[in-house]
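Encoded as structure tokens, the structure appears first; notes follow it.
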Amino acid sequence: MARNPVQFQKGINLNEFLPLYGTEEQCFDALYRWRWPNGFVCPNCGHDRGCQLTTHKLQQCYRCNRQTSITAGTIFEATKLPLTVWFQGIYFMTQNKKGASAMTLHRQLGISCNAAWRMRHAALQEMMERDREHVLGGFIQLDDACLGGERSGGKRGRGAPGKTPFVAAVERPEFRWVNKILGNIKNALRGTCHAVRPKYAQRYLAEFEYRFNRRFDLHDIIPRLLYVALRTPPMPERLLKLRLA
């Protein structure tokens, strides 16, 4: 049987990733290129001339003299984590088919559980906001599933009582691809999150959607997500913890 080229694509391994984004200087330069691909533009007055100060590498506009950091007004604003840790977190969340849980980021990156949770949910928020602008078109197949709740009779799996984290609709041949995607979502949620709180369900689904739609190029998904991060407004923890509509 021929191998699926998408499933068996090379992606980017750690030995390739670290020489590209292993230092603060490399991460800063990458963010600068993605935020201002045609050169610095002042976010305050729109002037395109400025200089970089040696202190904290702030950008100062020649017209209004406003100083701007590379992370100001982005998802990274006010972060206490080094840029290298953010880049590594994005790496783990995008290169694994099932993503990476907050606990995995906590252990792999050596940061606190709270910091790992904030990083993960900030990334999920930008994934969700990025795909909100895309509207389905053409021939659309629909099926349904239930996140949480109980099966009829209060049974799960092989008759075990209690709740099931994700109940898919009965599989039908005409919905083969829809049911396959629902199965992938179930595996991702069970294998990575283990427990899904309904208030954050929209982000978890958006994470799967973002990775699935960009699964054809694992090497490019890292700079694409970081590019989006620079165009996503700051999300302090109090906003990340709000229930999503």
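Each chain in the structure tokens gets a letter, A, B, ..., in the order shown, and its residues are numbered from 1; ligands are numbered from 1 in order too.
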Strand (DSSP E) residues, from DSSP on the backbone, in range 15-165 of chain A, as JSON, numbers by chain: {"A": [50, 51, 52, 59, 60, 61, 67, 68, 145, 146, 147, 155, 156, 160, 161]}
Could you save the residues just selected, with N, CA and C atoms, as a PDB file, in the first residue's frame?
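The result, written out as part18.pdb:
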ATOM      1  N   GLY A  50      12.587  55.152  11.129  1.00  0.00           N
ATOM      2  CA  GLY A  50      12.860  55.057  12.546  1.00  0.00           C
ATOM      3  C   GLY A  50      14.213  54.434  12.786  1.00  0.00           C
ATOM      4  N   CYS A  51      14.536  54.190  14.034  1.00  0.00           N
ATOM      5  CA  CYS A  51      15.808  53.576  14.388  1.00  0.00           C
ATOM      6  C   CYS A  51      15.570  52.580  15.515  1.00  0.00           C
ATOM      7  N   GLN A  52      16.541  51.714  15.688  1.00  0.00           N
ATOM      8  CA  GLN A  52      16.442  50.713  16.757  1.00  0.00           C
ATOM      9  C   GLN A  52      17.362  51.119  17.892  1.00  0.00           C
ATOM     10  N   GLN A  59      12.033  50.059  18.890  1.00  0.00           N
ATOM     11  CA  GLN A  59      12.012  50.811  17.640  1.00  0.00           C
ATOM     12  C   GLN A  59      11.445  52.206  17.931  1.00  0.00           C
ATOM     13  N   GLN A  60      12.170  53.252  17.525  1.00  0.00           N
ATOM     14  CA  GLN A  60      11.716  54.628  17.766  1.00  0.00           C
ATOM     15  C   GLN A  60      11.419  55.323  16.458  1.00  0.00           C
ATOM     16  N   CYS A  61      10.217  55.878  16.361  1.00  0.00           N
ATOM     17  CA  CYS A  61       9.782  56.579  15.151  1.00  0.00           C
ATOM     18  C   CYS A  61      10.450  57.951  15.077  1.00  0.00           C
ATOM     19  N   GLN A  67       8.243  54.971  21.035  1.00  0.00           N
ATOM     20  CA  GLN A  67       9.053  53.757  21.083  1.00  0.00           C
ATOM     21  C   GLN A  67       8.145  52.532  21.120  1.00  0.00           C
ATOM     22  N   THR A  68       8.471  51.544  20.313  1.00  0.00           N
ATOM     23  CA  THR A  68       7.652  50.342  20.189  1.00  0.00           C
ATOM     24  C   THR A  68       8.532  49.106  20.273  1.00  0.00           C
ATOM     25  N   ALA A 145     -22.321  15.841  16.053  1.00  0.00           N
ATOM     26  CA  ALA A 145     -21.695  15.131  17.163  1.00  0.00           C
ATOM     27  C   ALA A 145     -22.026  15.883  18.432  1.00  0.00           C
ATOM     28  N   CYS A 146     -21.858  15.215  19.569  1.00  0.00           N
ATOM     29  CA  CYS A 146     -22.186  15.821  20.848  1.00  0.00           C
ATOM     30  C   CYS A 146     -20.931  15.865  21.710  1.00  0.00           C
ATOM     31  N   LEU A 147     -20.562  17.045  22.143  1.00  0.00           N
ATOM     32  CA  LEU A 147     -19.408  17.201  23.030  1.00  0.00           C
ATOM     33  C   LEU A 147     -19.914  17.171  24.462  1.00  0.00           C
ATOM     34  N   LYS A 155     -24.748   5.016  29.092  1.00  0.00           N
ATOM     35  CA  LYS A 155     -23.661   4.074  28.901  1.00  0.00           C
ATOM     36  C   LYS A 155     -22.599   4.664  27.999  1.00  0.00           C
ATOM     37  N   ARG A 156     -21.399   4.130  28.119  1.00  0.00           N
ATOM     38  CA  ARG A 156     -20.269   4.601  27.342  1.00  0.00           C
ATOM     39  C   ARG A 156     -19.466   3.404  26.895  1.00  0.00           C
ATOM     40  N   ALA A 160     -19.858   0.765  29.857  1.00  0.00           N
ATOM     41  CA  ALA A 160     -19.465   1.395  31.124  1.00  0.00           C
ATOM     42  C   ALA A 160     -20.367   2.577  31.405  1.00  0.00           C
ATOM     43  N   PRO A 161     -20.838   2.719  32.638  1.00  0.00           N
ATOM     44  CA  PRO A 161     -21.726   3.843  32.957  1.00  0.00           C
ATOM     45  C   PRO A 161     -20.967   5.155  33.005  1.00  0.00           C
TER      46      PRO A 161
END
Please indicate the distance in Å from CA of Thr94 in chain A to CA of Gly39 in chain A, rounded to one decimal place. 28.1 Å
I want to know what sits within 10 Å of Asn114 in chain A, based on only C-alpha atoms, with residues of the same chain fewer than 3 positions away left out; could you give that as a ChimeraX atom specification? /A:102-103,106,111,117-120,237
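Between CA of Thr74 in chain A and CA of Cys113 in chain A the interatomic distance comes to 22.1 Å.
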From the list A:Asn213, A:Thr79, A:Gln95, A:Asn65, the nearest residue to Gly11 in chain A using only C-alpha atoms is A:Gln95
Quick one: DSSP alpha helix (DSSP H) residues in range 7-239 of chain A, as a VMD selection string? chain A and resid 14 to 21 24 to 35 83 to 95 102 to 109 113 to 131 176 to 188 201 to 213 218 to 229 237 to 239
Compile a residue-level contact table for range 67-128 of chain A against range 195-206 of chain A at a cut-off of 9 Å, reporting for every qualifying residue the shortest atom pair and its distance in Å to one decimal, with only C-alpha atoms counted, rows ordered by chain and ascending number, as a Markdown table.
| residue | atom | partner | partner_atom | distance |
| --- | --- | --- | --- | --- |
| A:His121 | CA | A:Arg203 | CA | 7.6 |
| A:Leu124 | CA | A:Arg203 | CA | 5.6 |
| A:Gln125 | CA | A:Arg203 | CA | 6.3 |
| A:Met127 | CA | A:Ala206 | CA | 6.3 |
| A:Met128 | CA | A:Ala206 | CA | 5.0 |
Write a file of the selected residues as a compact mmCIF listing (two decimals), in the first residue's frame, keeping all heavy atoms.
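Result file result_8.txt:
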# COMPACT_ATOMS: atom_id res chain seq x y z
N HIS A 121 -3.35 28.51 25.46
CA HIS A 121 -4.65 29.12 25.15
C HIS A 121 -4.51 30.40 24.34
O HIS A 121 -5.41 30.74 23.56
CB HIS A 121 -5.45 29.34 26.43
CG HIS A 121 -6.16 28.11 26.90
ND1 HIS A 121 -7.48 27.84 26.60
CD2 HIS A 121 -5.71 27.03 27.60
CE1 HIS A 121 -7.82 26.67 27.12
NE2 HIS A 121 -6.77 26.17 27.73
N LEU A 124 -4.17 29.00 20.92
CA LEU A 124 -5.47 28.52 20.45
C LEU A 124 -6.38 29.68 20.07
O LEU A 124 -7.15 29.58 19.10
CB LEU A 124 -6.13 27.66 21.52
CG LEU A 124 -5.89 26.15 21.47
CD1 LEU A 124 -4.42 25.80 21.43
CD2 LEU A 124 -6.58 25.45 22.65
N GLN A 125 -6.30 30.77 20.83
CA GLN A 125 -7.13 31.93 20.54
C GLN A 125 -6.78 32.52 19.17
O GLN A 125 -7.66 32.89 18.40
CB GLN A 125 -6.93 32.99 21.62
CG GLN A 125 -7.74 34.27 21.42
CD GLN A 125 -9.23 34.08 21.61
OE1 GLN A 125 -9.65 33.14 22.29
NE2 GLN A 125 -10.03 34.95 21.03
N MET A 127 -5.44 30.92 16.66
CA MET A 127 -5.90 29.97 15.64
C MET A 127 -7.39 30.18 15.36
O MET A 127 -7.83 30.18 14.21
CB MET A 127 -5.67 28.53 16.12
CG MET A 127 -4.23 28.11 16.22
SD MET A 127 -4.09 26.41 16.85
CE MET A 127 -2.31 26.22 16.98
N MET A 128 -8.16 30.37 16.44
CA MET A 128 -9.60 30.55 16.29
C MET A 128 -9.92 31.84 15.56
O MET A 128 -10.75 31.85 14.64
CB MET A 128 -10.25 30.56 17.68
CG MET A 128 -11.77 30.65 17.66
SD MET A 128 -12.50 30.55 19.31
CE MET A 128 -11.94 32.11 20.01
Using only C-alpha atoms, which residues sit within 9 Å of Ala72 in chain A once same-chain residues fewer than 4 positions away are excluded, as a count of residues only? 6
Produce a table with one row for each residue of range 219-238 of chain A that has an atom at most 12 Å from any atom of range 19-29 of chain A, each row naming the nearest atom pair and its distance in Å at one decimal; use only C-alpha atoms; arrange rows by chain and rising residue number; format as a tab-separated table.
residue	atom	partner	partner_atom	distance
A:Ile222	CA	A:Tyr21	CA	10.9
A:Pro223	CA	A:Tyr21	CA	10.8
A:Leu226	CA	A:Cys27	CA	10.4
A:Leu230	CA	A:Phe28	CA	12.0
Which residues are close to Met93 in chain A, i.e. within 9 Å by only C-alpha atoms, leaving aside same-chain residues fewer than 6 positions away? Reply as JSON, numbers by chain. {"A": [99, 100, 101, 105, 120, 123]}
How would the residues just chosen look if you wrote them out with all heavy atoms as a CSV table (one decimal), in the first residue's frame?
chain,number,residue,atom,x,y,z
A,99,GLY,N,-1.2,17.8,18.6
A,99,GLY,CA,-0.9,19.0,19.4
A,99,GLY,C,-0.1,18.7,20.7
A,99,GLY,O,0.5,17.7,20.8
A,100,ALA,N,-0.2,19.6,21.6
A,100,ALA,CA,0.5,19.4,22.9
A,100,ALA,C,-0.3,20.1,24.0
A,100,ALA,O,-0.8,21.2,23.9
A,100,ALA,CB,1.9,20.1,22.8
A,101,SER,N,-0.5,19.3,25.1
A,101,SER,CA,-1.3,19.8,26.2
A,101,SER,C,-0.5,20.8,27.0
A,101,SER,O,0.8,20.9,26.8
A,101,SER,CB,-1.7,18.7,27.1
A,101,SER,OG,-0.6,18.1,27.7
A,105,LEU,N,3.7,21.0,27.6
A,105,LEU,CA,4.5,22.3,27.5
A,105,LEU,C,5.2,22.6,28.8
A,105,LEU,O,6.4,23.0,28.8
A,105,LEU,CB,3.6,23.4,27.1
A,105,LEU,CG,2.9,23.3,25.7
A,105,LEU,CD1,2.0,24.5,25.4
A,105,LEU,CD2,4.0,23.2,24.6
A,120,ARG,N,-0.5,28.1,25.8
A,120,ARG,CA,-1.4,27.2,24.9
A,120,ARG,C,-2.7,27.9,24.5
A,120,ARG,O,-3.0,27.9,23.3
A,120,ARG,CB,-1.6,25.9,25.6
A,120,ARG,CG,-2.6,25.0,24.9
A,120,ARG,CD,-2.6,23.6,25.5
A,120,ARG,NE,-3.8,22.9,25.2
A,120,ARG,CZ,-4.1,22.4,24.0
A,120,ARG,NH1,-3.3,22.6,23.0
A,120,ARG,NH2,-5.2,21.7,23.8
A,123,ALA,N,-2.2,30.7,22.0
A,123,ALA,CA,-2.0,30.2,20.7
A,123,ALA,C,-3.4,29.7,20.1
A,123,ALA,O,-3.7,29.9,18.9
A,123,ALA,CB,-1.0,29.0,20.7
Quick one: of A:Ile70, A:Leu83, A:Leu225, A:Phe208, who's nearest to Arg33 in chain A, counting only C-alpha atoms?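 Checking each candidate against Arg33 in chain A, we get A:Ile70 as the closest.
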Which residue, A:Phe175, A:Gly89, A:Lys98, A:Leu189, has the smallest gap to Arg215 in chain A when you use only C-alpha atoms?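 Smallest distance to Arg215 in chain A is found for A:Lys98.
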